[in-house]
>>> print(open('protein-v7.cif').read())   # mmCIF, C-alpha atoms, pLDDT in the B column; chains and numbers go by the auth columns
data_start
loop_
_atom_site.group_PDB
_atom_site.id
_atom_site.type_symbol
_atom_site.label_atom_id
_atom_site.label_comp_id
_atom_site.label_asym_id
_atom_site.label_seq_id
_atom_site.Cartn_x
_atom_site.Cartn_y
_atom_site.Cartn_z
_atom_site.B_iso_or_equiv
_atom_site.auth_seq_id
_atom_site.auth_asym_id
ATOM 1 C CA MET A 1 20.552 -6.943 7.874 91.00 1 P
ATOM 2 C CA GLN A 2 16.982 -6.254 9.017 93.00 2 P
ATOM 3 C CA ILE A 3 14.943 -3.105 9.588 90.00 3 P
ATOM 4 C CA ILE A 4 11.944 -2.059 11.656 91.00 4 P
ATOM 5 C CA MET A 5 9.742 0.277 9.610 89.00 5 P
ATOM 6 C CA THR A 6 8.218 3.259 11.393 90.00 6 P
ATOM 7 C CA LEU A 7 7.503 5.548 8.410 91.00 7 P
ATOM 8 C CA GLN A 8 7.031 5.318 4.668 89.00 8 P
ATOM 9 C CA THR A 9 7.583 8.251 2.313 87.00 9 P
ATOM 10 C CA LEU A 10 6.338 8.239 -1.262 82.00 10 P
ATOM 11 C CA LYS A 11 7.058 10.855 -3.896 79.00 11 P
ATOM 12 C CA ASN A 12 4.902 11.408 -6.938 74.00 12 P
ATOM 13 C CA PRO A 13 6.956 12.474 -9.981 73.00 13 P
ATOM 14 C CA TYR A 14 3.940 12.441 -12.327 68.00 14 P
ATOM 15 C CA ALA A 15 0.490 14.008 -12.287 66.00 15 P
ATOM 16 C CA ASN A 16 -1.048 10.746 -13.535 73.00 16 P
ATOM 17 C CA TYR A 17 -0.996 7.134 -12.364 77.00 17 P
ATOM 18 C CA LEU A 18 -1.093 8.064 -8.678 78.00 18 P
ATOM 19 C CA PRO A 19 -1.330 5.165 -6.223 83.00 19 P
ATOM 20 C CA LYS A 20 -4.550 5.144 -4.198 86.00 20 P
ATOM 21 C CA SER A 21 -4.404 1.985 -2.099 92.00 21 P
ATOM 22 C CA TRP A 22 -1.504 -0.300 -1.164 93.00 22 P
ATOM 23 C CA VAL A 23 0.077 -2.460 1.489 95.00 23 P
ATOM 24 C CA ILE A 24 3.652 -2.555 2.709 94.00 24 P
ATOM 25 C CA GLU A 25 4.684 -6.106 3.562 95.00 25 P
ATOM 26 C CA GLY A 26 7.731 -7.566 5.265 94.00 26 P
ATOM 27 C CA SER A 27 9.373 -10.981 5.133 96.00 27 P
ATOM 28 C CA ASN A 28 12.391 -12.700 6.615 97.00 28 P
ATOM 29 C CA ASP A 29 12.429 -15.644 4.187 97.00 29 P
ATOM 30 C CA ASN A 30 11.122 -13.971 0.969 97.00 30 P
ATOM 31 C CA GLU A 31 8.212 -16.449 0.900 97.00 31 P
ATOM 32 C CA ASN A 32 5.956 -15.626 3.865 97.00 32 P
ATOM 33 C CA TRP A 33 4.823 -12.005 3.956 96.00 33 P
ATOM 34 C CA GLU A 34 3.261 -10.020 6.808 94.00 34 P
ATOM 35 C CA VAL A 35 1.385 -6.730 6.404 93.00 35 P
ATOM 36 C CA ILE A 36 3.347 -3.885 7.986 92.00 36 P
ATOM 37 C CA ASP A 37 0.985 -1.108 6.915 92.00 37 P
ATOM 38 C CA GLU A 38 -2.021 -0.551 4.691 93.00 38 P
ATOM 39 C CA ILE A 39 -3.189 2.641 2.968 91.00 39 P
ATOM 40 C CA ASP A 40 -6.701 2.648 1.540 92.00 40 P
ATOM 41 C CA ASN A 41 -8.074 5.207 -0.920 88.00 41 P
ATOM 42 C CA ASN A 42 -5.625 8.020 -0.104 82.00 42 P
ATOM 43 C CA ASN A 43 -5.764 11.394 -1.846 75.00 43 P
ATOM 44 C CA TYR A 44 -2.416 12.901 -0.769 72.00 44 P
ATOM 45 C CA PHE A 45 -0.974 12.685 -4.270 67.00 45 P
ATOM 46 C CA ASN A 46 -3.788 14.618 -5.935 66.00 46 P
ATOM 47 C CA GLN A 47 -1.816 17.836 -5.378 64.00 47 P
ATOM 48 C CA GLY A 48 0.053 17.474 -8.677 63.00 48 P
ATOM 49 C CA SER A 49 3.499 16.431 -9.817 66.00 49 P
ATOM 50 C CA TYR A 50 6.462 16.103 -7.470 72.00 50 P
ATOM 51 C CA CYS A 51 4.462 16.105 -4.277 75.00 51 P
ATOM 52 C CA PHE A 52 5.422 13.702 -1.496 78.00 52 P
ATOM 53 C CA HIS A 53 3.898 12.493 1.736 81.00 53 P
ATOM 54 C CA THR A 54 5.201 10.601 4.747 88.00 54 P
ATOM 55 C CA PHE A 55 2.856 8.058 6.268 87.00 55 P
ATOM 56 C CA GLU A 56 3.311 6.787 9.807 89.00 56 P
ATOM 57 C CA ILE A 57 3.107 3.028 10.150 89.00 57 P
ATOM 58 C CA LYS A 58 -0.301 2.459 11.768 80.00 58 P
ATOM 59 C CA ILE A 59 0.042 -1.206 12.647 75.00 59 P
ATOM 60 C CA ASP A 60 1.577 -1.479 16.106 68.00 60 P
ATOM 61 C CA GLN A 61 4.510 -3.819 15.653 70.00 61 P
ATOM 62 C CA GLN A 62 8.188 -3.741 16.399 78.00 62 P
ATOM 63 C CA LYS A 63 9.161 -6.692 14.230 88.00 63 P
ATOM 64 C CA SER A 64 12.228 -6.485 12.022 93.00 64 P
ATOM 65 C CA PHE A 65 12.258 -7.666 8.408 95.00 65 P
ATOM 66 C CA LYS A 66 14.894 -8.524 5.832 97.00 66 P
ATOM 67 C CA TRP A 67 12.690 -7.866 2.766 97.00 67 P
ATOM 68 C CA ILE A 68 10.111 -5.097 2.242 95.00 68 P
ATOM 69 C CA LYS A 69 7.500 -5.108 -0.532 95.00 69 P
ATOM 70 C CA PHE A 70 5.118 -2.418 -1.850 93.00 70 P
ATOM 71 C CA ARG A 71 1.953 -3.973 -3.333 93.00 71 P
ATOM 72 C CA ALA A 72 -0.845 -1.949 -4.970 92.00 72 P
ATOM 73 C CA THR A 73 -4.300 -3.156 -3.902 94.00 73 P
ATOM 74 C CA ASP A 74 -6.508 -1.049 -6.188 92.00 74 P
ATOM 75 C CA THR A 75 -6.375 0.748 -9.502 89.00 75 P
ATOM 76 C CA ASN A 76 -4.488 4.046 -9.642 84.00 76 P
ATOM 77 C CA SER A 77 -5.897 7.543 -10.162 80.00 77 P
ATOM 78 C CA MET A 78 -6.320 6.811 -13.892 82.00 78 P
ATOM 79 C CA ASN A 79 -8.310 3.633 -13.054 86.00 79 P
ATOM 80 C CA ASN A 80 -5.712 1.274 -14.491 88.00 80 P
ATOM 81 C CA ASN A 81 -3.102 -0.992 -12.933 88.00 81 P
ATOM 82 C CA TYR A 82 0.088 0.921 -13.799 84.00 82 P
ATOM 83 C CA LEU A 83 2.511 1.496 -10.947 78.00 83 P
ATOM 84 C CA VAL A 84 4.839 4.332 -11.909 72.00 84 P
#
>>> encode(input="protein-v7.cif", output="structure tokens")
Amino acid sequence: MQIIMTLQTLKNPYANYLPKSWVIEGSNDNENWEVIDEIDNNNYFNQGSYCFHTFEIKIDQQKSFKWIKFRATDTNSMNNNYLV
């Protein structure tokens, strides 16, 4: 089964360790990855615990993928590398 991503929704259950920058990548062989979307230095999760935000996929593509990966590209709001 494959999907075409059009949106991504993230929910923040904690007031700390908020993601700031990341990429969503897709693959059909689990070895070669293509960037589907990239978020850089966002502040949507600074509203506190249990907030959520839906991001539209900005990269114009209609390609389907079998695997999807979330990869942090910067430190979090506490300036460390935890992904919670």
>>> resolve_selection(input="protein-v7.cif", expression="the PyMOL selection byres ((chain P and resi 19) around 7)", output="list in words")
Tyr17, Leu18, Lys20, Ser21, Asn76 and Ser77 of chain P
>>> resolve_selection(input="protein-v7.cif", expression="the PyMOL selection byres ((chain P and resi 60-75) around 10)", output="mmCIF file with C-alpha atoms, in the frame of the given file")
data_model
loop_
_atom_site.group_PDB
_atom_site.id
_atom_site.type_symbol
_atom_site.label_atom_id
_atom_site.label_comp_id
_atom_site.auth_asym_id
_atom_site.auth_seq_id
_atom_site.Cartn_x
_atom_site.Cartn_y
_atom_site.Cartn_z
ATOM 1 C CA MET P 1 20.552 -6.943 7.874
ATOM 2 C CA GLN P 2 16.982 -6.254 9.017
ATOM 3 C CA ILE P 3 14.943 -3.105 9.588
ATOM 4 C CA ILE P 4 11.944 -2.059 11.656
ATOM 5 C CA MET P 5 9.742 0.277 9.610
ATOM 6 C CA THR P 6 8.218 3.259 11.393
ATOM 7 C CA TYR P 17 -0.996 7.134 -12.364
ATOM 8 C CA LEU P 18 -1.093 8.064 -8.678
ATOM 9 C CA PRO P 19 -1.330 5.165 -6.223
ATOM 10 C CA LYS P 20 -4.550 5.144 -4.198
ATOM 11 C CA SER P 21 -4.404 1.985 -2.099
ATOM 12 C CA TRP P 22 -1.504 -0.300 -1.164
ATOM 13 C CA VAL P 23 0.077 -2.460 1.489
ATOM 14 C CA ILE P 24 3.652 -2.555 2.709
ATOM 15 C CA GLU P 25 4.684 -6.106 3.562
ATOM 16 C CA GLY P 26 7.731 -7.566 5.265
ATOM 17 C CA SER P 27 9.373 -10.981 5.133
ATOM 18 C CA ASN P 28 12.391 -12.700 6.615
ATOM 19 C CA ASP P 29 12.429 -15.644 4.187
ATOM 20 C CA ASN P 30 11.122 -13.971 0.969
ATOM 21 C CA GLU P 31 8.212 -16.449 0.900
ATOM 22 C CA TRP P 33 4.823 -12.005 3.956
ATOM 23 C CA GLU P 34 3.261 -10.020 6.808
ATOM 24 C CA VAL P 35 1.385 -6.730 6.404
ATOM 25 C CA ILE P 36 3.347 -3.885 7.986
ATOM 26 C CA ASP P 37 0.985 -1.108 6.915
ATOM 27 C CA GLU P 38 -2.021 -0.551 4.691
ATOM 28 C CA ILE P 39 -3.189 2.641 2.968
ATOM 29 C CA ASP P 40 -6.701 2.648 1.540
ATOM 30 C CA ASN P 41 -8.074 5.207 -0.920
ATOM 31 C CA ILE P 57 3.107 3.028 10.150
ATOM 32 C CA LYS P 58 -0.301 2.459 11.768
ATOM 33 C CA ILE P 59 0.042 -1.206 12.647
ATOM 34 C CA ASN P 76 -4.488 4.046 -9.642
ATOM 35 C CA SER P 77 -5.897 7.543 -10.162
ATOM 36 C CA MET P 78 -6.320 6.811 -13.892
ATOM 37 C CA ASN P 79 -8.310 3.633 -13.054
ATOM 38 C CA ASN P 80 -5.712 1.274 -14.491
ATOM 39 C CA ASN P 81 -3.102 -0.992 -12.933
ATOM 40 C CA TYR P 82 0.088 0.921 -13.799
ATOM 41 C CA LEU P 83 2.511 1.496 -10.947
#
>>> atom_distance(input="protein-v7.cif", atom1="atom CA of Val84 of chain P", atom2="atom CA of Asn32 of chain P")
25.5 Å
>>> residues_near_point(input="protein-v7.cif", point="(2.9, 7.4, 3.0)", cutoff="7 Å", atoms="all atoms listed in the file", output="number ranges by chain")
P: 8-10, 53-56
>>> resolve_selection(input="protein-v7.cif", expression="the PyMOL selection byres ((chain P and resi 51) around 6)", output="ChimeraX atom specification")
/P:11-12,49-50,52
>>> axis_aligned_box(input="protein-v7.cif", around="segment 64-69 of chain P", padding_each_side="6 Å", output="lines of an AutoDock Vina configuration file")
center_x = 11.2
center_y = -6.8
center_z = 5.7
size_x = 19.4
size_y = 15.4
size_z = 24.6
